[in-house]
Structures are given as structure tokens and as C-alpha cells.
>>> print(open('upload06.cif').read())   # mmCIF, C-alpha atoms
data_run
loop_
_atom_site.label_atom_id
_atom_site.label_comp_id
_atom_site.auth_asym_id
_atom_site.auth_seq_id
_atom_site.Cartn_x
_atom_site.Cartn_y
_atom_site.Cartn_z
CA MET A 1242 -7.24 18.32 43.87
CA GLY A 1243 -10.47 16.88 45.19
CA GLY A 1244 -12.49 17.37 41.95
CA PRO A 1245 -13.61 14.50 39.70
CA LEU A 1246 -10.92 12.89 37.54
CA PRO A 1247 -11.13 13.75 33.85
CA GLY A 1248 -13.10 11.14 31.96
CA ARG A 1249 -14.59 9.70 35.12
CA SER A 1250 -17.60 12.04 35.42
CA ILE A 1251 -20.95 10.32 35.63
CA ASN A 1252 -23.67 11.27 33.20
CA PRO A 1253 -26.92 11.23 35.22
CA MET A 1254 -28.98 10.61 32.05
CA ILE A 1255 -27.06 7.42 31.25
CA THR A 1256 -27.33 6.25 34.83
CA ARG A 1257 -31.06 6.73 34.75
CA LEU A 1258 -31.39 4.81 31.47
CA ASN A 1259 -29.17 2.02 32.72
CA LEU A 1260 -31.27 1.68 35.82
CA ALA A 1261 -34.44 1.43 33.72
CA CYS A 1262 -32.89 -1.24 31.53
CA GLY A 1263 -31.67 -4.71 32.45
CA GLU A 1264 -28.19 -6.21 31.94
CA ASP A 1265 -29.17 -7.69 28.53
CA CYS A 1266 -30.44 -4.36 27.39
CA ILE A 1267 -27.18 -2.66 28.33
CA GLN A 1268 -25.20 -5.34 26.47
CA LYS A 1269 -27.35 -4.86 23.38
CA ARG A 1270 -26.80 -1.12 23.52
CA ARG A 1271 -23.07 -1.61 23.82
CA MET A 1272 -23.04 -3.98 20.83
CA LYS A 1273 -25.07 -1.49 18.81
CA LYS A 1274 -22.64 1.26 19.73
CA ILE A 1275 -19.65 -0.87 18.75
CA LEU A 1276 -21.25 -1.89 15.45
CA LEU A 1277 -22.13 1.70 14.62
CA SER A 1278 -18.55 2.78 15.26
CA ILE A 1279 -17.15 -0.13 13.24
CA PHE A 1280 -19.39 0.39 10.18
CA PRO A 1281 -17.80 3.62 8.91
CA LEU A 1282 -14.37 2.18 9.57
CA ALA A 1283 -15.16 -0.97 7.62
CA PHE A 1284 -16.62 1.06 4.78
CA PHE A 1285 -13.52 3.25 4.69
CA ALA A 1286 -11.26 0.20 4.73
CA LEU A 1287 -13.15 -1.33 1.80
CA TRP A 1288 -13.15 1.91 -0.12
CA SER A 1289 -9.46 2.54 0.44
CA SER A 1290 -8.54 -1.02 -0.52
CA HIS A 1291 -10.42 -0.46 -3.76
CA ALA A 1292 -9.11 3.03 -4.42
CA PHE A 1293 -5.48 2.36 -3.56
CA GLY A 1294 -5.52 -1.38 -4.20
CA GLN A 1295 -5.79 -0.79 -7.92
CA ALA A 1296 -2.27 0.51 -7.91
CA PRO A 1297 -1.53 -1.49 -11.02
CA GLY A 1298 1.30 -3.87 -11.71
CA ARG A 1299 2.77 -1.23 -13.97
CA ALA A 1300 3.51 2.19 -12.58
CA GLY A 1301 1.17 4.93 -13.72
CA ASP A 1302 -1.42 2.53 -15.12
CA SER A 1303 -4.79 3.24 -13.57
CA ARG A 1304 -7.12 1.68 -16.08
CA LYS A 1305 -10.50 0.40 -15.01
CA PHE A 1306 -12.33 -2.20 -16.98
CA LYS A 1307 -15.83 -3.39 -17.62
CA LEU A 1308 -16.83 -6.56 -19.38
CA SER A 1309 -17.94 -5.99 -22.93
CA PRO A 1310 -20.58 -8.35 -24.33
CA VAL A 1311 -19.86 -10.10 -27.62
CA ALA A 1312 -22.64 -9.78 -30.18
CA LYS A 1313 -21.50 -12.54 -32.51
CA ILE A 1314 -18.74 -15.10 -32.84
CA SER A 1315 -17.64 -17.05 -35.90
CA SER A 1316 -14.94 -19.61 -36.40
CA SER A 1317 -12.97 -20.61 -39.50
CA GLU A 1318 -13.02 -24.26 -38.38
CA LYS A 1319 -15.96 -26.08 -36.81
CA PRO A 1320 -15.32 -27.53 -33.37
CA THR A 1321 -14.38 -31.20 -33.33
CA MET A 1322 -15.28 -33.91 -30.78
CA ASP A 1323 -19.00 -33.39 -30.17
CA GLY A 1324 -18.83 -30.13 -32.04
CA ARG A 1325 -22.56 -30.07 -32.81
CA ARG A 1326 -23.44 -29.87 -29.15
CA LEU A 1327 -20.43 -27.94 -27.89
CA THR A 1328 -20.39 -25.05 -30.31
CA THR A 1329 -18.44 -21.80 -30.48
CA ASP A 1330 -21.40 -20.00 -28.90
CA LEU A 1331 -20.36 -21.54 -25.59
CA LEU A 1332 -17.29 -19.30 -25.68
CA ILE A 1333 -19.44 -16.26 -25.03
CA ASP A 1334 -22.15 -17.67 -22.75
CA GLY A 1335 -20.54 -16.48 -19.53
CA LYS A 1336 -20.28 -19.98 -18.06
CA LEU A 1337 -17.01 -21.69 -17.32
CA PRO A 1338 -16.57 -25.41 -17.93
CA LYS A 1339 -15.28 -27.66 -15.18
CA ASP A 1340 -11.72 -28.92 -15.10
CA GLY A 1341 -10.90 -32.14 -16.89
CA TRP A 1342 -12.54 -34.14 -19.66
CA ARG A 1343 -15.13 -33.28 -20.88
CA SER A 1344 -17.51 -30.82 -19.29
CA THR A 1345 -18.52 -28.15 -21.83
CA TRP A 1346 -15.12 -27.36 -23.36
CA THR A 1347 -15.28 -26.45 -27.01
CA ALA A 1348 -12.57 -28.49 -28.71
CA TRP A 1349 -10.48 -28.28 -31.84
CA TYR A 1350 -8.43 -31.44 -32.04
CA LYS A 1351 -5.19 -31.04 -34.03
CA ILE A 1352 -6.43 -27.96 -35.87
CA ASN A 1353 -5.97 -24.23 -35.47
CA PRO A 1354 -9.19 -22.25 -35.81
CA ALA A 1355 -9.42 -18.48 -36.23
CA PHE A 1356 -12.22 -16.73 -34.37
CA VAL A 1357 -13.84 -13.44 -35.29
CA PHE A 1358 -15.60 -11.67 -32.45
CA ASP A 1359 -18.07 -8.92 -33.23
CA LEU A 1360 -18.60 -6.59 -30.28
CA GLY A 1361 -21.57 -4.89 -31.90
CA GLU A 1362 -19.93 -1.47 -31.96
CA GLU A 1363 -16.47 0.06 -31.74
CA LYS A 1364 -15.03 -0.20 -28.26
CA ARG A 1365 -11.75 0.59 -26.57
CA ILE A 1366 -10.56 -2.82 -25.45
CA GLY A 1367 -7.79 -3.11 -22.88
CA ILE A 1368 -7.63 -6.78 -22.08
CA VAL A 1369 -8.77 -10.01 -23.70
CA ARG A 1370 -9.10 -13.10 -21.54
CA ILE A 1371 -9.37 -16.67 -22.71
CA TYR A 1372 -10.40 -19.53 -20.45
CA PHE A 1373 -8.54 -22.54 -21.80
CA GLN A 1374 -7.41 -25.95 -20.67
CA PRO A 1375 -4.04 -27.39 -21.69
CA TRP A 1376 -4.37 -31.13 -22.21
CA ASP A 1377 -1.16 -32.78 -23.44
CA ARG A 1378 1.30 -30.16 -22.27
CA GLY A 1379 1.27 -27.05 -20.12
CA ASP A 1380 2.31 -24.76 -22.95
CA GLU A 1381 -0.23 -26.17 -25.39
CA LEU A 1382 -1.49 -22.72 -26.35
CA ALA A 1383 1.77 -21.85 -28.06
CA GLU A 1384 0.91 -18.60 -29.75
CA LEU A 1385 -1.97 -16.24 -30.28
CA LYS A 1386 -2.26 -13.75 -33.09
CA VAL A 1387 -4.53 -10.77 -32.64
CA GLU A 1388 -5.93 -8.81 -35.56
CA VAL A 1389 -8.42 -5.97 -35.36
CA SER A 1390 -10.90 -4.45 -37.76
CA ARG A 1391 -13.51 -1.74 -37.90
CA ASP A 1392 -15.57 -3.17 -40.76
CA GLY A 1393 -15.09 -6.92 -40.31
CA GLU A 1394 -13.36 -7.30 -43.68
CA ASN A 1395 -10.07 -5.47 -43.53
CA PHE A 1396 -8.11 -6.77 -40.60
CA VAL A 1397 -4.92 -5.14 -39.33
CA ASP A 1398 -2.22 -7.14 -37.58
CA PHE A 1399 -2.07 -6.05 -33.99
CA ASN A 1400 0.38 -8.35 -32.25
CA GLU A 1401 1.29 -11.94 -31.44
CA TYR A 1402 1.51 -13.32 -27.94
CA GLU A 1403 3.16 -16.32 -26.32
CA GLY A 1404 3.99 -17.65 -22.88
CA PHE A 1405 0.61 -19.11 -21.89
CA VAL A 1406 1.58 -21.83 -19.46
CA ALA A 1407 -0.86 -23.55 -17.11
CA ASP A 1408 -1.42 -26.87 -15.37
CA ARG A 1409 -2.51 -29.72 -17.65
CA GLY A 1410 -6.15 -30.73 -17.26
CA LYS A 1411 -7.09 -27.58 -15.41
CA GLY A 1412 -8.85 -24.52 -16.70
CA ALA A 1413 -6.86 -21.29 -16.60
CA TRP A 1414 -7.26 -17.75 -17.81
CA ALA A 1415 -4.88 -16.51 -20.48
CA GLU A 1416 -4.72 -12.74 -20.55
CA ILE A 1417 -3.58 -10.45 -23.30
CA ASP A 1418 -2.94 -6.82 -22.57
CA LEU A 1419 -3.84 -4.87 -25.69
CA ARG A 1420 -3.27 -1.52 -23.92
CA ALA A 1421 -6.14 0.32 -25.64
CA VAL A 1422 -7.37 -0.84 -29.02
CA LYS A 1423 -10.41 0.77 -30.57
CA ALA A 1424 -12.13 -1.69 -32.84
CA ARG A 1425 -15.36 -3.59 -33.36
CA TYR A 1426 -14.07 -6.88 -34.76
CA PHE A 1427 -11.28 -8.93 -33.21
CA ARG A 1428 -9.76 -11.95 -34.93
CA LEU A 1429 -7.93 -14.33 -32.63
CA SER A 1430 -5.80 -17.01 -34.31
CA PRO A 1431 -4.33 -19.45 -31.80
CA LYS A 1432 -1.64 -22.03 -32.57
CA PHE A 1433 -1.39 -25.23 -30.59
CA GLN A 1434 1.44 -27.57 -29.77
CA GLY A 1435 0.35 -31.00 -28.57
CA TRP A 1436 -3.30 -31.98 -28.46
CA GLY A 1437 -5.15 -29.01 -29.88
CA HIS A 1438 -7.40 -26.38 -28.33
CA LEU A 1439 -9.85 -26.70 -25.45
CA TRP A 1440 -11.49 -23.32 -24.88
CA GLY A 1441 -14.22 -22.45 -22.45
CA GLU A 1442 -14.77 -18.71 -22.56
CA VAL A 1443 -13.48 -15.55 -24.20
CA GLU A 1444 -13.93 -12.14 -22.57
CA PHE A 1445 -13.29 -8.65 -23.85
CA TRP A 1446 -12.66 -6.00 -21.21
CA GLU A 1447 -13.44 -2.47 -22.24
CA ILE A 1448 -11.60 0.47 -20.71
CA ALA A 1449 -14.11 2.19 -18.46
CA ASN A 1450 -12.24 5.42 -17.62
CA MET B 652 -23.10 -2.50 1.78
CA ALA B 653 -21.60 -4.50 -1.09
CA LEU B 654 -24.09 -2.88 -3.43
CA ALA B 655 -23.21 0.58 -2.13
CA PHE B 656 -19.54 -0.20 -2.58
CA CYS B 657 -20.13 -1.49 -6.08
CA LEU B 658 -22.17 1.59 -7.00
CA ALA B 659 -19.57 3.93 -5.48
CA SER B 660 -16.80 2.30 -7.51
CA GLY B 661 -18.84 2.24 -10.70
CA CYS B 662 -19.01 -1.55 -10.56
CA SER B 663 -15.81 -1.71 -12.57
CA VAL B 664 -12.93 -4.04 -11.98
CA SER B 665 -9.39 -3.04 -11.26
CA GLU B 666 -6.58 -4.29 -13.46
CA GLN B 667 -5.11 -6.27 -10.59
CA ALA B 668 -8.35 -8.12 -10.11
CA ILE B 669 -8.60 -9.34 -13.64
CA GLN B 670 -4.90 -9.98 -14.03
CA ALA B 671 -4.99 -13.01 -11.82
CA GLY B 672 -4.44 -15.37 -14.74
CA ARG B 673 -1.55 -16.14 -17.06
CA THR B 674 -0.56 -13.06 -18.98
CA GLY B 675 0.72 -13.65 -22.47
CA PHE B 676 3.87 -11.92 -23.56
CA PRO B 677 3.77 -9.81 -26.70
CA MET B 678 6.16 -10.97 -29.41
CA ARG B 679 6.36 -7.56 -31.05
CA PHE B 680 6.76 -4.10 -29.60
CA VAL B 681 5.60 -1.06 -31.50
CA LEU B 682 7.51 1.95 -30.19
CA ASP B 683 6.04 5.39 -29.84
CA LYS B 684 8.73 7.56 -31.43
CA GLY B 685 8.10 10.53 -29.20
CA ARG B 686 7.76 8.67 -25.94
CA ASP B 687 9.66 5.39 -26.22
CA LEU B 688 12.72 6.21 -28.33
CA LYS B 689 15.43 7.73 -26.14
CA GLU B 690 18.91 8.07 -27.61
CA THR B 691 20.92 6.54 -30.38
CA VAL B 692 24.17 5.16 -29.07
CA SER B 693 25.76 3.97 -32.29
CA GLY B 694 24.91 2.76 -35.79
CA ASN B 695 23.34 -0.41 -34.41
CA THR B 696 22.45 0.45 -30.82
CA PHE B 697 19.81 2.67 -29.31
CA VAL B 698 18.02 3.17 -26.04
CA ALA B 699 14.27 2.73 -25.84
CA THR B 700 11.45 1.98 -23.45
CA LEU B 701 9.42 -1.11 -24.14
CA PRO B 702 5.71 -0.36 -23.79
CA GLY B 703 3.79 -2.66 -21.48
CA VAL B 704 6.89 -3.95 -19.69
CA HIS B 705 7.58 -3.22 -16.03
CA PRO B 706 9.83 -0.11 -15.86
CA VAL B 707 12.48 -2.00 -13.92
CA PHE B 708 13.08 -4.13 -17.00
CA GLY B 709 11.63 -2.15 -19.85
CA GLU B 710 12.59 1.47 -19.24
CA ALA B 711 15.61 2.92 -21.02
CA LEU B 712 16.69 -0.47 -22.29
CA THR B 713 19.73 -0.74 -24.54
CA ILE B 714 18.74 -2.41 -27.78
CA ARG B 715 21.22 -3.74 -30.31
CA VAL B 716 19.83 -4.25 -33.79
CA ARG B 717 20.45 -7.74 -35.10
CA GLY B 718 22.21 -7.77 -38.46
CA LEU B 719 23.61 -4.23 -38.40
CA GLN B 720 27.38 -3.82 -38.22
CA ALA B 721 28.61 -0.52 -36.82
CA GLU B 722 31.81 1.07 -35.62
CA SER B 723 32.10 2.22 -32.03
CA ILE B 724 31.77 5.92 -31.29
CA ARG B 725 34.75 5.58 -28.95
CA GLU B 726 37.02 4.45 -31.79
CA LYS B 727 40.42 6.15 -31.65
CA ASP B 728 41.05 5.89 -35.36
CA PRO B 729 39.61 9.20 -36.72
CA GLN B 730 38.35 7.58 -39.93
CA LYS B 731 36.52 4.85 -38.05
CA ALA B 732 35.20 7.39 -35.53
CA ALA B 733 33.83 9.53 -38.39
CA LEU B 734 32.21 6.43 -39.89
CA ALA B 735 30.71 5.59 -36.51
CA PHE B 736 29.13 9.05 -36.26
CA ASP B 737 27.75 8.74 -39.81
CA GLN B 738 26.28 5.33 -39.00
CA ARG B 739 24.71 6.65 -35.80
CA LEU B 740 23.19 9.56 -37.67
CA ALA B 741 21.86 7.22 -40.37
CA LEU B 742 20.13 4.98 -37.81
CA ARG B 743 18.68 7.99 -36.02
CA ARG B 744 17.34 9.49 -39.26
CA ALA B 745 15.92 6.16 -40.40
CA MET B 746 14.00 5.77 -37.15
CA ASP B 747 12.88 9.40 -37.11
CA SER B 748 11.52 9.24 -40.63
CA ALA B 749 9.74 5.92 -40.18
CA ARG B 750 6.05 5.99 -39.33
CA ARG B 751 6.15 2.70 -37.50
CA VAL B 752 9.10 1.49 -35.43
CA GLU B 753 8.76 -2.09 -34.34
CA LEU B 754 10.95 -4.56 -32.47
CA ARG B 755 10.61 -8.31 -32.91
CA ASN B 756 12.38 -11.47 -31.76
CA LEU B 757 13.84 -10.01 -28.61
CA GLU B 758 16.70 -11.92 -27.05
CA ARG B 759 18.83 -11.25 -23.99
CA GLY B 760 22.37 -10.10 -24.74
CA LYS B 761 25.35 -11.53 -22.93
CA GLY B 762 27.53 -9.73 -20.41
CA GLY B 763 25.18 -6.85 -19.60
CA PHE B 764 21.64 -5.58 -19.41
CA TRP B 765 20.89 -5.21 -23.08
CA ILE B 766 18.95 -7.08 -25.73
CA TRP B 767 19.20 -8.15 -29.34
CA ALA B 768 16.19 -7.35 -31.51
CA ASP B 769 15.09 -7.29 -35.12
CA LEU B 770 14.23 -3.73 -36.11
CA TYR B 771 11.31 -3.20 -38.48
CA LEU B 772 10.74 0.27 -39.89
CA ASP B 773 7.38 0.63 -41.63
CA GLY B 774 7.15 -3.15 -41.76
CA ARG B 775 10.58 -3.62 -43.40
CA LEU B 776 13.33 -5.52 -41.65
CA ILE B 777 16.45 -3.40 -41.25
CA GLN B 778 19.69 -5.33 -41.61
#
>>> encode(input="upload06.cif", output="C-alpha cells")
Amino acid sequence: MGGPLPGRSINPMITRLNLACGEDCIQKRRMKKILLSIFPLAFFALWSSHAFGQAPGRAGDSRKFKLSPVAKISSSEKPTMDGRRLTTDLLIDGKLPKDGWRSTWTAWYKINPAFVFDLGEEKRIGIVRIYFQPWDRGDELAELKVEVSRDGENFVDFNEYEGFVADRGKGAWAEIDLRAVKARYFRLSPKFQGWGHLWGEVEFWEIAN
Amino acid sequence: MALAFCLASGCSVSEQAIQAGRTGFPMRFVLDKGRDLKETVSGNTFVATLPGVHPVFGEALTIRVRGLQAESIREKDPQKAALAFDQRLALRRAMDSARRVELRNLERGKGGFWIWADLYLDGRLIQ
């Protein structure tokens, strides 16, 4: 009954150290202790949010992606409206234009170009992203046809996509889920309704796992 | 720490992270015969799973083929019932023997959870 309460025993070593150290020193030690105990927790929280946070929108889909560089881009139609300065190469430079007129948007006014992207080698592409800016209407990018090829000459129809709606005068990403297409050349043929096309960037995301 | 985290995860990006934009909807669905085609209900109706669509909406979806007329399997008239079974068998065989089964121009049906679609077998419209 008269023994020390559990958890209340005094460690003589700590007492000695505390006596040798001032109040600031003790506070610093406490902070260090707290930080050291928080660090593994924070790391675990980050890791778990990554590991379990990629529970995809679709059940059973656990794809991981990495950005695939584009070796070459060509367009069936030259860009209009300052097209000499704002060329198709800007679509693969990794820089996003600012919202509004005119920044570095590559423009095709009242025409529908078709782009061929050469990835340099065959890759398994899961998602294609296009940074575009609707100008006259939110659904300006009406349709997008995707064709794929291994040799750059014989293209196979892959699919057509619609439903790209965004705020007018603001850049937005349009995403196309290709599931897993193995090809080297991708031909994208967009169709506009309204002003035309204002594109800023095109990205190809390779399946990493 | 960020670097360690990036290295541990292979510096790759999860699907959620890159799907923050506006996802385009496919206008055509190529069905995997083994995985996506479920059962044939009648000469113009079958059940299939639409690839790339959330399972709540796309799994085991009843699809009615636009342009195909067919008798109901539940027909009481024996002649019509026999015809209905023949039509069902014909649709099943046509889909089984095709190399590419594709649905286009999907449209919501009325009065139930089913859809109208154009059926393309090996690139040819079936109607």
C-alpha cells in the first residue's frame, strides 16, 4: 500500500541531468522528444495517404503513371494568330500559359488541326491530358478523335471523346483515359464549336506498374 | 522527407492526382467478349459491362440494340416464342463469332435502367 504509485517512480539519472541543465535546456529536450515521436507518425501518415489514397475512382484500378516525354510533334495545320512565335512546340515544353488572352496559347482560329505526337519509342499510355482554354463557349472543345500507330504511317482508330466542359477564358485540363494503349505515335484530331482551339500543353502519361 | 517519400513511392503519380481535370467521355465502347459480355436476353437485348465506367452505372447494364426488332422470350404464342429463341440465339452467335464488338451512340432508355446503343460487329453496323 505504501509503495510508489505505478508510473510515478523517479529516475535518478533524469533528475541529475535536469539539475545540471536550465529550464530552457529542459524545454528544448522536451521539444526534441516530441518532434522525434511525431516524425515517424508523420511519415506513416504520408505513406498511408499515398498507398491507400490511390484507391482509384474505379474499383480495382490501381494504375500508377509517369509522365512520358514527347520526342516530336507535328500539326496538319499551322497555328494562326501569331503562329510564327507561338508554335506547336509550345505544346510539349512543360510550361502552362496563363489564363486569358493571350499569354503563350497556341491558337487555331476557326480550323481543326490534327496533331501527331511521336513518343520516341513504343509506350503503354494510360492517360492523355490536354491543357486548353475555351474562349467563346465552355464546351468549345466539342470532340477529340484519338488514333494510334506503331510506324507513324498506318494509324488505327482508337476512340472519340466528348464532354470537355470548362470555364470560358480559363485554362483547364482535359483528360482522356485510354486504359492502356501500346503505341509510339498518337494522332489527336480535335473538333471545335465556337471560336477555335487554344491549347497550352499536351501530356502523355505512361503506365508505370 | 519529401524526397524520401518520393523515392519510396517511385516518384509516380496516382490516378486520382492526375484526374483532377475534366475527363472526356468515350463515344465508343469496345467490349471484351470474355469479360464484358454477360448474357443475351433476347434477339435485340443483352447484358454487358461497359469498360471504363464506374461499376454502379456500367456493370451488368442492359443494352438494347437500336434497329433490331425481336420477339419477347416471354411470349405466350408458341410460334412467336420459338422465333424469339431463334433471334436470341442468332444475336448470341453473331456476337460470339465477331472479333470486335463495339457499342456507339449510347442513349438512356425510358422507364428503366437500360440503354439504347448501335451495335457494331467487326466494324459493321448491325440493324
>>> closest_residue(input="upload06.cif", among="A:Leu1308, A:Leu1360, A:Val1443, A:Leu1429", to="chain B", atoms="all atoms listed in the file")
A:Leu1308
>>> resolve_selection(input="upload06.cif", expression="the PyMOL selection byres ((chain A) within 7 of (chain B))", output="list in words")
Gln1295, Pro1297, Gly1298, Arg1299, Arg1304, Lys1305, Phe1306, Lys1307, Asn1400, Glu1401, Tyr1402, Glu1403, Gly1404, Phe1405, Val1406, Ala1413, Trp1414, Ala1415, Glu1416 and Ile1417 of chain A
>>> residues_around(input="upload06.cif", residues="Arg751 (chain B)", least_positions_apart="4", cutoff="10 Å", atoms="all atoms listed in the file", output="ChimeraX atom specification")
/B:681-684,746-747,771-775
>>> residues_around(input="upload06.cif", residues="Leu776 (chain B)", least_positions_apart="2", cutoff="12 Å", atoms="all atoms listed in the file", output="MDAnalysis selection string")
chainID B and resid 716:719 751:756 768:774 778
>>> resolve_selection(input="upload06.cif", expression="the PyMOL selection byres ((chain A and resi 1411) around 12)", output="PyMOL selection string")
chain A and resi 1337-1344+1346+1372-1379+1406-1410+1412-1414+1439-1441
